[in-house]
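Participant: File entry-v9.txt follows (compact mmCIF, C-alpha atoms and all ligand atoms):
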# COMPACT_ATOMS: atom_id res chain seq x y z
CA MET Q 1 0.00 0.00 0.00
CA LYS Q 2 1.24 3.45 -0.90
CA LYS Q 3 1.62 5.50 2.27
CA ILE Q 4 0.95 9.21 2.54
CA TYR Q 5 3.15 11.01 5.06
CA PHE Q 6 1.34 13.74 6.96
CA THR Q 7 4.25 13.77 9.41
CA VAL Q 8 5.71 17.22 10.08
CA GLY Q 9 9.27 16.39 9.04
CA PRO Q 10 10.56 14.36 7.36
CA SER Q 11 7.32 14.51 5.45
CA GLN Q 12 5.71 13.53 2.17
CA ILE Q 13 8.23 14.09 -0.63
CA LEU Q 14 7.29 15.96 -3.80
CA PRO Q 15 5.79 13.43 -6.23
CA THR Q 16 8.52 14.16 -8.81
CA ILE Q 17 11.46 13.29 -6.52
CA PRO Q 18 11.82 9.61 -7.58
CA GLY Q 19 12.16 10.73 -11.22
CA HIS Q 20 14.69 13.42 -10.33
CA LEU Q 21 16.71 10.87 -8.35
CA LYS Q 22 16.97 8.60 -11.39
CA GLN Q 23 18.01 11.55 -13.49
CA ALA Q 24 20.61 12.52 -10.89
CA VAL Q 25 22.20 9.07 -11.14
CA LYS Q 26 22.21 9.29 -14.96
CA ASP Q 27 23.73 12.76 -14.89
CA ASP Q 28 26.52 11.70 -12.46
CA VAL Q 29 25.37 14.21 -9.85
CA LEU Q 30 26.49 11.69 -7.22
CA SER Q 31 30.15 12.15 -8.20
CA MET Q 32 29.99 15.88 -8.90
CA SER Q 33 32.93 17.88 -7.55
CA HIS Q 34 31.96 20.77 -5.33
CA ARG Q 35 34.87 22.74 -6.77
CA GLY Q 36 33.87 22.56 -10.43
CA LYS Q 37 31.85 24.78 -12.74
CA GLU Q 38 28.90 22.38 -12.75
CA PHE Q 39 28.50 22.81 -9.00
CA ALA Q 40 28.85 26.59 -9.16
CA ASP Q 41 26.12 26.62 -11.83
CA LEU Q 42 23.90 24.52 -9.58
CA TYR Q 43 24.49 26.82 -6.59
CA LYS Q 44 23.74 29.82 -8.77
CA ARG Q 45 20.50 28.30 -10.06
CA VAL Q 46 19.29 27.54 -6.52
CA ASP Q 47 20.28 31.05 -5.41
CA THR Q 48 18.51 32.75 -8.32
CA GLY Q 49 15.47 30.46 -8.16
CA LEU Q 50 14.94 30.85 -4.41
CA LYS Q 51 15.38 34.62 -4.59
CA LYS Q 52 12.71 34.76 -7.27
CA LEU Q 53 10.35 32.35 -5.50
CA LEU Q 54 10.57 33.99 -2.07
CA ASN Q 55 11.22 37.58 -3.19
CA ILE Q 56 14.61 37.78 -1.44
CA PRO Q 57 16.70 40.93 -2.10
CA SER Q 58 19.59 40.21 -4.50
CA ASP Q 59 22.26 41.36 -2.01
CA TYR Q 60 21.19 38.83 0.65
CA TYR Q 61 23.27 35.67 0.99
CA ILE Q 62 21.93 32.14 0.72
CA PHE Q 63 24.13 29.74 2.71
CA PHE Q 64 23.96 25.97 2.63
CA ILE Q 65 24.40 24.25 5.96
CA SER Q 66 23.28 20.92 7.40
CA SER Q 67 20.08 21.56 9.36
CA GLY Q 68 17.70 23.97 11.04
CA THR Q 69 19.31 23.31 14.41
CA GLU Q 70 22.72 24.19 13.01
CA ALA Q 71 21.26 27.53 11.87
CA MET Q 72 20.32 28.35 15.48
CA GLU Q 73 23.89 27.76 16.61
CA ARG Q 74 25.35 29.75 13.70
CA SER Q 75 23.00 32.69 14.35
CA ILE Q 76 24.09 32.96 17.98
CA GLN Q 77 27.80 32.42 17.26
CA ASN Q 78 27.91 35.04 14.52
CA LEU Q 79 25.57 37.72 15.83
CA VAL Q 80 25.71 37.68 19.63
CA GLU Q 81 28.56 38.74 21.82
CA LYS Q 82 26.45 38.87 24.98
CA LYS Q 83 22.73 39.27 24.64
CA SER Q 84 19.99 37.68 22.61
CA PHE Q 85 16.26 37.87 23.26
CA HIS Q 86 13.91 35.03 22.37
CA PHE Q 87 10.17 34.95 21.67
CA VAL Q 88 9.26 31.39 22.59
CA ILE Q 89 6.02 29.71 21.49
CA GLY Q 90 7.09 26.07 21.80
CA LYS Q 91 9.94 23.61 22.10
CA PHE Q 92 11.86 24.79 19.04
CA GLY Q 93 12.01 28.33 20.42
CA ASP Q 94 13.21 26.81 23.70
CA ARG Q 95 15.97 25.03 21.83
CA PHE Q 96 17.15 28.29 20.22
CA PHE Q 97 17.28 29.89 23.69
CA GLU Q 98 19.16 26.91 25.19
CA ILE Q 99 21.73 27.00 22.42
CA ALA Q 100 22.49 30.62 23.34
CA GLN Q 101 22.98 29.50 26.95
CA GLU Q 102 25.13 26.54 25.93
CA LEU Q 103 27.35 28.90 23.94
CA GLY Q 104 27.90 30.99 27.07
CA ARG Q 105 25.78 34.01 26.04
CA GLN Q 106 23.25 35.72 28.31
CA PRO Q 107 19.93 35.20 26.53
CA GLU Q 108 16.58 36.38 27.84
CA MET Q 109 13.22 35.09 26.77
CA ILE Q 110 9.52 35.60 26.91
CA GLU Q 111 7.24 32.61 26.57
CA GLN Q 112 3.64 32.48 25.48
CA ASP Q 113 1.33 29.64 24.63
CA GLY Q 114 -1.04 29.66 21.70
CA ALA Q 115 -3.94 30.97 23.76
CA GLN Q 116 -2.63 34.51 23.80
CA ALA Q 117 -0.64 36.80 21.54
CA PHE Q 118 2.50 38.60 22.68
CA ASP Q 119 1.73 42.16 23.68
CA LEU Q 120 4.49 44.41 22.50
CA LYS Q 121 3.50 47.08 25.03
CA THR Q 122 4.43 44.83 27.93
CA VAL Q 123 7.49 43.08 26.47
CA GLN Q 124 10.77 44.46 27.86
CA ILE Q 125 13.58 43.96 25.38
CA PRO Q 126 16.87 45.21 26.88
CA LYS Q 127 18.40 48.11 24.92
CA ASP Q 128 21.70 46.26 24.42
CA THR Q 129 20.06 43.20 22.81
CA GLU Q 130 22.05 42.18 19.75
CA LEU Q 131 19.76 39.54 18.31
CA ILE Q 132 16.01 38.99 18.62
CA ALA Q 133 15.00 35.44 17.79
CA PHE Q 134 11.58 34.22 16.65
CA THR Q 135 10.11 30.89 15.72
CA HIS Q 136 7.67 31.83 13.00
CA ASN Q 137 5.86 28.51 13.27
CA ASP Q 138 6.55 26.25 16.24
CA THR Q 139 6.05 22.67 15.13
CA SER Q 140 5.68 21.37 18.69
CA THR Q 141 2.58 23.46 19.49
CA GLY Q 142 1.14 24.41 16.10
CA THR Q 143 1.45 28.09 16.97
CA GLN Q 144 2.66 30.88 14.73
CA ILE Q 145 3.78 34.46 15.27
CA PRO Q 146 2.24 36.91 12.77
CA MET Q 147 4.93 38.55 10.60
CA LYS Q 148 3.40 41.96 11.35
CA PHE Q 149 4.37 41.48 15.01
CA ILE Q 150 7.96 40.67 14.02
CA TYR Q 151 8.18 43.83 11.88
CA ASP Q 152 6.83 45.89 14.78
CA VAL Q 153 9.54 44.49 17.05
CA HIS Q 154 12.12 45.37 14.41
CA THR Q 155 10.78 48.93 14.11
CA LYS Q 156 11.03 49.40 17.88
CA ASN Q 157 14.51 47.81 18.04
CA PRO Q 158 16.19 48.85 14.79
CA ASN Q 159 19.72 48.08 15.96
CA ALA Q 160 19.09 44.48 16.94
CA MET Q 161 19.39 41.74 14.35
CA ILE Q 162 16.22 39.77 13.68
CA ALA Q 163 16.46 35.99 13.21
CA ILE Q 164 13.50 33.85 12.18
CA ASP Q 165 13.22 30.08 12.41
CA SER Q 166 10.89 29.32 9.49
CA VAL Q 167 11.80 25.64 9.30
CA SER Q 168 8.21 24.40 9.20
CA SER Q 169 6.56 27.34 7.42
CA MET Q 170 8.71 27.64 4.29
CA PRO Q 171 7.87 28.33 1.50
CA TYR Q 172 4.42 29.34 2.77
CA VAL Q 173 5.43 32.30 4.94
CA ASP Q 174 5.64 35.62 3.09
CA ILE Q 175 8.55 37.60 4.55
CA ASP Q 176 9.70 41.16 3.88
CA TYR Q 177 13.39 40.28 4.03
CA LYS Q 178 14.45 43.94 4.20
CA GLN Q 179 13.16 43.98 7.79
CA VAL Q 180 14.97 40.86 8.95
CA ASP Q 181 18.55 39.57 9.01
CA VAL Q 182 18.47 35.80 9.24
CA VAL Q 183 15.80 33.41 8.02
CA PHE Q 184 16.52 29.70 8.14
CA PHE Q 185 14.89 26.42 7.21
CA SER Q 186 15.69 22.83 6.32
CA VAL Q 187 14.38 21.02 3.26
CA GLN Q 188 12.63 17.97 4.77
CA LYS Q 189 9.52 19.91 5.76
CA GLY Q 190 7.70 22.32 3.43
CA PHE Q 191 10.03 21.72 0.50
CA GLY Q 192 9.17 18.01 0.42
CA LEU Q 193 12.76 16.80 0.02
CA PRO Q 194 14.92 14.19 1.75
CA ALA Q 195 16.54 15.43 4.99
CA GLY Q 196 20.16 16.54 5.15
CA LEU Q 197 20.29 20.16 4.04
CA GLY Q 198 19.66 23.45 5.81
CA LEU Q 199 19.54 26.95 4.34
CA MET Q 200 20.20 30.36 5.81
CA ILE Q 201 19.14 33.59 4.16
CA VAL Q 202 21.40 36.27 5.63
CA SER Q 203 21.47 40.07 5.29
CA PRO Q 204 24.68 41.92 4.38
CA ARG Q 205 24.41 43.75 7.72
CA ALA Q 206 24.51 40.40 9.56
CA VAL Q 207 27.65 39.31 7.70
CA ALA Q 208 29.25 42.67 8.57
CA LYS Q 209 28.36 42.25 12.26
CA ALA Q 210 29.94 38.77 12.29
CA SER Q 211 33.13 40.18 10.75
CA GLU Q 212 33.20 42.91 13.40
CA LEU Q 213 32.92 40.33 16.18
CA ALA Q 214 35.75 38.33 14.61
CA GLN Q 215 37.93 41.46 14.36
CA LYS Q 216 37.35 42.08 18.05
CA GLY Q 217 38.91 38.68 18.68
CA PHE Q 218 35.65 36.94 19.38
CA SER Q 219 35.16 33.32 18.22
CA ILE Q 220 32.37 33.13 15.63
CA GLY Q 221 32.93 29.49 14.74
CA SER Q 222 35.15 28.06 12.04
CA TYR Q 223 34.19 26.71 8.61
CA HIS Q 224 30.56 27.83 8.88
CA SER Q 225 31.09 31.36 10.15
CA PHE Q 226 29.17 33.97 8.14
CA PRO Q 227 32.29 35.60 6.63
CA THR Q 228 33.68 32.20 5.57
CA LEU Q 229 30.34 31.13 4.12
CA ALA Q 230 30.01 34.50 2.37
CA ALA Q 231 33.50 34.32 0.84
CA SER Q 232 32.62 30.89 -0.57
CA ALA Q 233 29.15 31.97 -1.67
CA ASP Q 234 30.70 34.83 -3.65
CA LYS Q 235 32.27 32.10 -5.80
CA TYR Q 236 29.11 29.95 -5.69
CA GLN Q 237 30.93 27.45 -3.51
CA THR Q 238 30.64 26.06 0.00
CA PRO Q 239 33.51 25.87 2.52
CA GLU Q 240 33.16 22.09 2.83
CA THR Q 241 31.72 19.28 0.69
CA PRO Q 242 27.97 19.82 0.94
CA ASN Q 243 24.95 17.61 0.27
CA VAL Q 244 25.13 18.08 -3.51
CA LEU Q 245 22.32 15.61 -4.22
CA ASP Q 246 19.89 17.48 -1.96
CA MET Q 247 20.92 20.78 -3.57
CA TYR Q 248 20.20 19.23 -6.97
CA LEU Q 249 16.76 18.08 -5.78
CA LEU Q 250 16.10 21.46 -4.18
CA GLU Q 251 16.79 23.17 -7.50
CA LYS Q 252 14.21 20.92 -9.17
CA GLY Q 253 11.73 21.60 -6.37
CA VAL Q 254 12.21 25.37 -6.62
CA GLN Q 255 11.62 25.25 -10.39
CA GLU Q 256 8.39 23.31 -9.81
CA PHE Q 257 7.22 25.78 -7.17
CA LEU Q 258 8.00 28.65 -9.54
CA LYS Q 259 5.89 26.99 -12.22
CA ILE Q 260 2.95 26.56 -9.85
CA GLY Q 261 3.45 30.09 -8.51
CA ILE Q 262 4.02 31.07 -4.89
CA LYS Q 263 0.63 32.78 -4.66
CA LYS Q 264 -1.15 29.58 -5.56
CA ILE Q 265 1.00 27.56 -3.13
CA ARG Q 266 0.03 29.95 -0.32
CA ARG Q 267 -3.63 30.00 -1.30
CA ASP Q 268 -3.77 26.19 -1.47
CA THR Q 269 -2.11 25.96 1.95
CA ASP Q 270 -4.73 28.29 3.45
CA ARG Q 271 -7.49 26.32 1.80
CA LYS Q 272 -6.26 22.96 3.11
CA ALA Q 273 -5.68 24.42 6.59
CA ALA Q 274 -9.22 25.83 6.63
CA LEU Q 275 -10.63 22.38 5.79
CA LEU Q 276 -8.62 20.72 8.55
CA TYR Q 277 -9.52 23.26 11.23
CA LYS Q 278 -13.17 23.30 10.21
CA PHE Q 279 -13.32 19.55 10.66
CA PHE Q 280 -11.46 19.42 13.99
CA ASP Q 281 -13.22 22.49 15.44
CA LYS Q 282 -16.60 20.86 14.95
CA HIS Q 283 -15.72 17.35 16.03
CA PRO Q 284 -16.34 16.63 19.74
CA GLN Q 285 -13.37 14.24 20.00
CA PHE Q 286 -10.83 16.81 18.84
CA ARG Q 287 -9.60 20.15 20.08
CA PRO Q 288 -7.12 22.22 18.07
CA LEU Q 289 -4.47 23.40 20.53
CA VAL Q 290 -4.63 26.98 19.29
CA THR Q 291 -8.03 28.65 19.06
CA ASP Q 292 -7.03 32.17 18.02
CA THR Q 293 -7.07 32.03 14.21
CA VAL Q 294 -4.26 34.60 13.94
CA LEU Q 295 -1.92 32.41 16.00
CA ARG Q 296 -2.92 29.11 14.44
CA SER Q 297 -0.30 27.35 12.37
CA GLN Q 298 -1.34 27.05 8.75
CA THR Q 299 1.37 24.51 7.94
CA THR Q 300 1.49 22.21 11.00
CA PRO Q 301 -1.81 22.10 12.90
CA VAL Q 302 -1.58 20.41 16.30
CA ILE Q 303 -4.76 18.78 17.57
CA GLU Q 304 -5.55 17.37 20.99
CA VAL Q 305 -7.36 14.04 20.83
CA ILE Q 306 -9.73 13.64 23.77
CA GLY Q 307 -9.04 10.23 25.30
CA GLY Q 308 -5.62 9.85 23.64
CA SER Q 309 -4.24 9.75 20.12
CA LYS Q 310 -2.46 6.41 20.05
CA ASP Q 311 -5.24 4.17 18.71
CA LEU Q 312 -6.25 6.71 16.10
CA LEU Q 313 -2.68 7.00 14.79
CA THR Q 314 -2.32 3.20 14.66
CA SER Q 315 -5.50 2.65 12.70
CA LEU Q 316 -4.79 5.54 10.33
CA ALA Q 317 -1.35 4.02 9.67
CA LYS Q 318 -3.03 0.72 8.76
CA LYS Q 319 -4.87 2.62 6.04
CA GLY Q 320 -1.67 4.23 4.80
CA PHE Q 321 -2.06 7.63 6.48
CA ILE Q 322 1.06 8.34 8.50
CA VAL Q 323 0.21 11.21 10.83
CA GLY Q 324 2.60 12.79 13.33
CA PHE Q 325 2.32 12.00 17.04
CA GLY Q 326 2.41 14.74 19.66
CA TYR Q 327 5.67 16.43 20.59
CA GLY Q 328 7.57 15.26 23.68
CA ALA Q 329 5.31 14.70 26.69
CA TYR Q 330 2.22 15.02 24.45
CA LYS Q 331 3.18 12.08 22.27
CA ASP Q 332 -0.03 10.14 23.01
CA GLN Q 333 -2.35 13.13 23.50
CA HIS Q 334 -1.85 15.20 20.37
CA ILE Q 335 -1.60 14.63 16.67
CA ARG Q 336 0.40 16.88 14.37
CA ILE Q 337 -0.57 17.14 10.73
CA ALA Q 338 1.69 18.47 8.00
CA ASN Q 339 0.00 20.79 5.55
CA PHE Q 340 2.89 21.21 3.12
CA PRO Q 341 2.79 21.82 -0.66
CA ALA Q 342 3.63 18.17 -1.41
CA LEU Q 343 0.27 17.16 0.10
CA SER Q 344 -2.66 17.86 -2.21
CA LEU Q 345 -6.14 19.10 -1.36
CA ASN Q 346 -7.46 15.69 -2.34
CA GLN Q 347 -5.05 13.90 0.01
CA VAL Q 348 -6.17 16.18 2.85
CA LYS Q 349 -9.80 15.33 2.07
CA LEU Q 350 -8.94 11.61 2.09
CA LEU Q 351 -7.29 11.99 5.49
CA ILE Q 352 -10.32 13.78 6.92
CA ARG Q 353 -12.57 11.07 5.56
CA ALA Q 354 -10.41 8.34 7.12
CA ILE Q 355 -10.51 10.09 10.51
CA LYS Q 356 -14.30 10.41 10.26
CA GLU Q 357 -14.58 6.69 9.57
CA GLU Q 358 -12.31 5.81 12.48
CA ASN Q 359 -14.60 7.73 14.69
CA ARG Q 360 -17.70 5.94 13.60
CA HIS Q 361 -16.07 2.63 14.55
CA ALA Q 362 -14.88 3.95 17.92
C1 LIG J 1 12.22 20.68 12.56
C2 LIG J 1 12.41 22.00 13.15
C3 LIG J 1 13.67 22.46 13.53
C4 LIG J 1 14.89 21.59 13.47
O1 LIG J 1 15.30 21.42 12.14
P1 LIG J 1 16.40 20.29 11.82
O2 LIG J 1 16.63 20.47 10.34
O3 LIG J 1 15.80 18.98 12.20
O4 LIG J 1 17.59 20.61 12.63
C5 LIG J 1 13.79 23.73 14.03
N1 LIG J 1 12.71 24.54 14.15
C6 LIG J 1 11.48 24.14 13.78
C7 LIG J 1 10.34 25.09 13.92
C8 LIG J 1 11.29 22.86 13.26
O5 LIG J 1 10.06 22.47 12.90
Here is a file; write its structure as structure tokens.
Ligand SMILES: *Cc1c(COP(=O)(O)O)cnc(C)c1O
Facilitator:
Amino acid sequence: MKKIYFTVGPSQILPTIPGHLKQAVKDDVLSMSHRGKEFADLYKRVDTGLKKLLNIPSDYYIFFISSGTEAMERSIQNLVEKKSFHFVIGKFGDRFFEIAQELGRQPEMIEQDGAQAFDLKTVQIPKDTELIAFTHNDTSTGTQIPMKFIYDVHTKNPNAMIAIDSVSSMPYVDIDYKQVDVVFFSVQKGFGLPAGLGLMIVSPRAVAKASELAQKGFSIGSYHSFPTLAASADKYQTPETPNVLDMYLLEKGVQEFLKIGIKKIRRDTDRKAALLYKFFDKHPQFRPLVTDTVLRSQTTPVIEVIGGSKDLLTSLAKKGFIVGFGYGAYKDQHIRIANFPALSLNQVKLLIRAIKEENRHA
């Protein structure tokens, strides 16, 4: 039976990936040197394609790293001498904060659950904060922070760098990159690709800040420091041997998304999310964790299952629907459903139908 992966990452791959993999073998992508012209052309195509798809300013850098978690560490190492400030809406925001602590910085944080929005009037961000970190969409709680709020924080704190974890909301989230400095994601979620590649979109001002820290004698990391990555990127290269195959697949994915059009991808995501929430809001056995529609994740809804989620997940799996279990302590209480571009409206309808049926039997 063909399974459909509604898991939040790794997730369902784009339907065209098997074909692209065969082509990659034929084209000797698997032996491609990362120091040759072919690789530089590939890097350039991904760079140009992503900038077009996501409307990224041409002077911003696109760096290839290994994962979303690595991007958290790189952001702190390169942009924070002492103080970062973290808006935390779930476990991934917590992780970002912890990494700052582990690296010996003095981070502060404010935490909010999905029931309530942050109120900028009451948030105290210290004047000497160097980096303000956001999780746009926290995959553990199915909560999102509206971009408008992030821009308002930037306007009130123009000297601080703004970093956004958009790992589980790319390419859906529409960002005005001019107002932010670091946006990062990995490819195994919304891009529908195999895991093993992370991307950072970095402003020129962030690269300059990292260089300043280095000049002051501060350690900003080694082969993946912003200045090192930028020097390589200027030649369409990476400092080390990267995941060339995933970059090749990403380029194919970006071209497909460009053909569909980002507006349609975003509209379809909203449409599928509306269907899911409508179903779960009405159903007495389910309770979406976030009720405020502004704070609700469009890409990774998290739903509480009254009486436990284990049996439901097991029987759905028997029918080929692989749905995510709850995060951490909520493993058997919640379900998490990916609503990424690789999953079609029809597949979402099939999932809803299967859940309805399960419930009749229960
Ligand atoms: C998955 C995820 C991460 C971690 O990404 P990795 O590529 O697994 O390191 C970070 N933040 C969010 C919001 C995520 O969903």
Participant: List all protein, DNA and RNA residues that have at least one atom no more than 9 Å from any atom of ligand LIG 1 (chain J), counting all atoms listed in the file, and write them as a ChimeraX atom specification.
Facilitator: /Q:8-10,66-72,90-93,95-96,135-140,165-169,184-189,195-198,300
Participant: Which residues of region 158-251 of chain Q sit at most 12 Å from region 255-260 of chain Q, using only C-alpha atoms? Give each one's shortest atom pair and distance in Å (one decimal place), in chain and ascending residue order, as JSON lines.
Facilitator:
{"residue": "Q:Met170", "atom": "CA", "partner": "Q:Phe257", "partner_atom": "CA", "distance": 11.7}
{"residue": "Q:Pro171", "atom": "CA", "partner": "Q:Phe257", "partner_atom": "CA", "distance": 9.1}
{"residue": "Q:Tyr172", "atom": "CA", "partner": "Q:Phe257", "partner_atom": "CA", "distance": 10.9}
{"residue": "Q:Gly190", "atom": "CA", "partner": "Q:Phe257", "partner_atom": "CA", "distance": 11.2}
{"residue": "Q:Phe191", "atom": "CA", "partner": "Q:Phe257", "partner_atom": "CA", "distance": 9.1}
{"residue": "Q:Gly192", "atom": "CA", "partner": "Q:Phe257", "partner_atom": "CA", "distance": 11.0}
{"residue": "Q:Tyr248", "atom": "CA", "partner": "Q:Gln255", "partner_atom": "CA", "distance": 11.0}
{"residue": "Q:Leu249", "atom": "CA", "partner": "Q:Gln255", "partner_atom": "CA", "distance": 10.0}
{"residue": "Q:Leu250", "atom": "CA", "partner": "Q:Gln255", "partner_atom": "CA", "distance": 8.5}
{"residue": "Q:Glu251", "atom": "CA", "partner": "Q:Gln255", "partner_atom": "CA", "distance": 6.3}
Participant: With distances taken over only C-alpha atoms, which of Q:Leu21, Q:Ala117, Q:Ala342, Q:Ala208 is nearest to Phe87 (chain Q)?
Facilitator: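 Selected residue with least distance to Phe87 (chain Q): Q:Ala117.
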Participant: Smallest atom-to-atom distance to Tyr177 (chain Q): which of Q:Val323, Q:Val153, Q:Ile145, Q:Ile56, using only C-alpha atoms?
Facilitator: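 For Tyr177 (chain Q), the nearest of the candidates is Q:Ile56.
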Participant: Would you mind reading off the distance between CA of Phe321 (chain Q) and CA of Pro301 (chain Q), one decimal, in Å?
Facilitator: 15.8 Å
Participant: Quick one: of Q:Ile125, Q:Leu53, Q:Ile352, Q:Val207, who's nearest to Arg74 (chain Q), counting all atoms listed in the file?
Facilitator: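 For Arg74 (chain Q), the nearest of the candidates is Q:Val207.
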Participant: Quick one: pull the distance between CA of Asp181 (chain Q) and CA of Ile162 (chain Q), Å, one decimal.
Facilitator: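 Those two atoms sit 5.2 Å apart.
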Participant: Quick one: distance from CA of Ala210 (chain Q) to CA of Phe118 (chain Q) in Å, one decimal?
Facilitator: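 CA of Phe118 (chain Q) lies at a distance of 29.3 Å from CA of Ala210 (chain Q).
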Participant: Got a sec: who's within 12 Å of Glu38 (chain Q), counting only C-alpha atoms, leaving out chain neighbours fewer than 5 positions off, as a PDB file with C-alpha atoms, in the coordinates of the input?
Facilitator:
ATOM      1  CA  ASP Q  27      23.730  12.760 -14.890  1.00  0.00           C
ATOM      2  CA  ASP Q  28      26.520  11.700 -12.460  1.00  0.00           C
ATOM      3  CA  VAL Q  29      25.370  14.210  -9.850  1.00  0.00           C
ATOM      4  CA  SER Q  31      30.150  12.150  -8.200  1.00  0.00           C
ATOM      5  CA  MET Q  32      29.990  15.880  -8.900  1.00  0.00           C
ATOM      6  CA  SER Q  33      32.930  17.880  -7.550  1.00  0.00           C
ATOM      7  CA  TYR Q  43      24.490  26.820  -6.590  1.00  0.00           C
ATOM      8  CA  LYS Q  44      23.740  29.820  -8.770  1.00  0.00           C
ATOM      9  CA  ARG Q  45      20.500  28.300 -10.060  1.00  0.00           C
ATOM     10  CA  TYR Q 236      29.110  29.950  -5.690  1.00  0.00           C
ATOM     11  CA  GLN Q 237      30.930  27.450  -3.510  1.00  0.00           C
ATOM     12  CA  VAL Q 244      25.130  18.080  -3.510  1.00  0.00           C
ATOM     13  CA  TYR Q 248      20.200  19.230  -6.970  1.00  0.00           C
TER      14      TYR Q 248
END
Participant: Using all atoms listed in the file, determine which residues lie at most 12 Å from Pro284 (chain Q), disregarding the query and same-chain residues fewer than 4 positions distant; provide the list as a list of chain:residue names.
Facilitator: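 Listed by chain and then number, they are Q:Phe279, Q:Phe280, Q:Pro288, Q:Ile303, Q:Glu304, Q:Val305, Q:Ile306, Q:Gly307, Q:Lys356, Q:Asn359.
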Participant: So which residues touch Val202 (chain Q) within 10 Å, counting all atoms listed in the file, skipping near sequence neighbours fewer than 6 positions away, as a list in words?
Facilitator: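 The filter keeps Ile56, Asp59, Tyr60, Tyr61, Ile62, Phe63, Ser75, Ala163, Tyr177, Val180, Asp181, Val182, Val183, Phe184, Phe226 and Ala230 of chain Q.
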Participant: Could you tell me which of Q:Ile65, Q:Leu199, Q:Leu103, Q:Val46 comes closest to Thr238 (chain Q) if we count only C-alpha atoms?
Facilitator: Q:Ile65
Participant: Name the closest residue to Val254 (chain Q) among the candidates Q:Gly114, Q:Gly36, Q:Pro341, Q:Gly19; distances are taken between atoms, counting all atoms listed in the file.
Facilitator: Q:Pro341
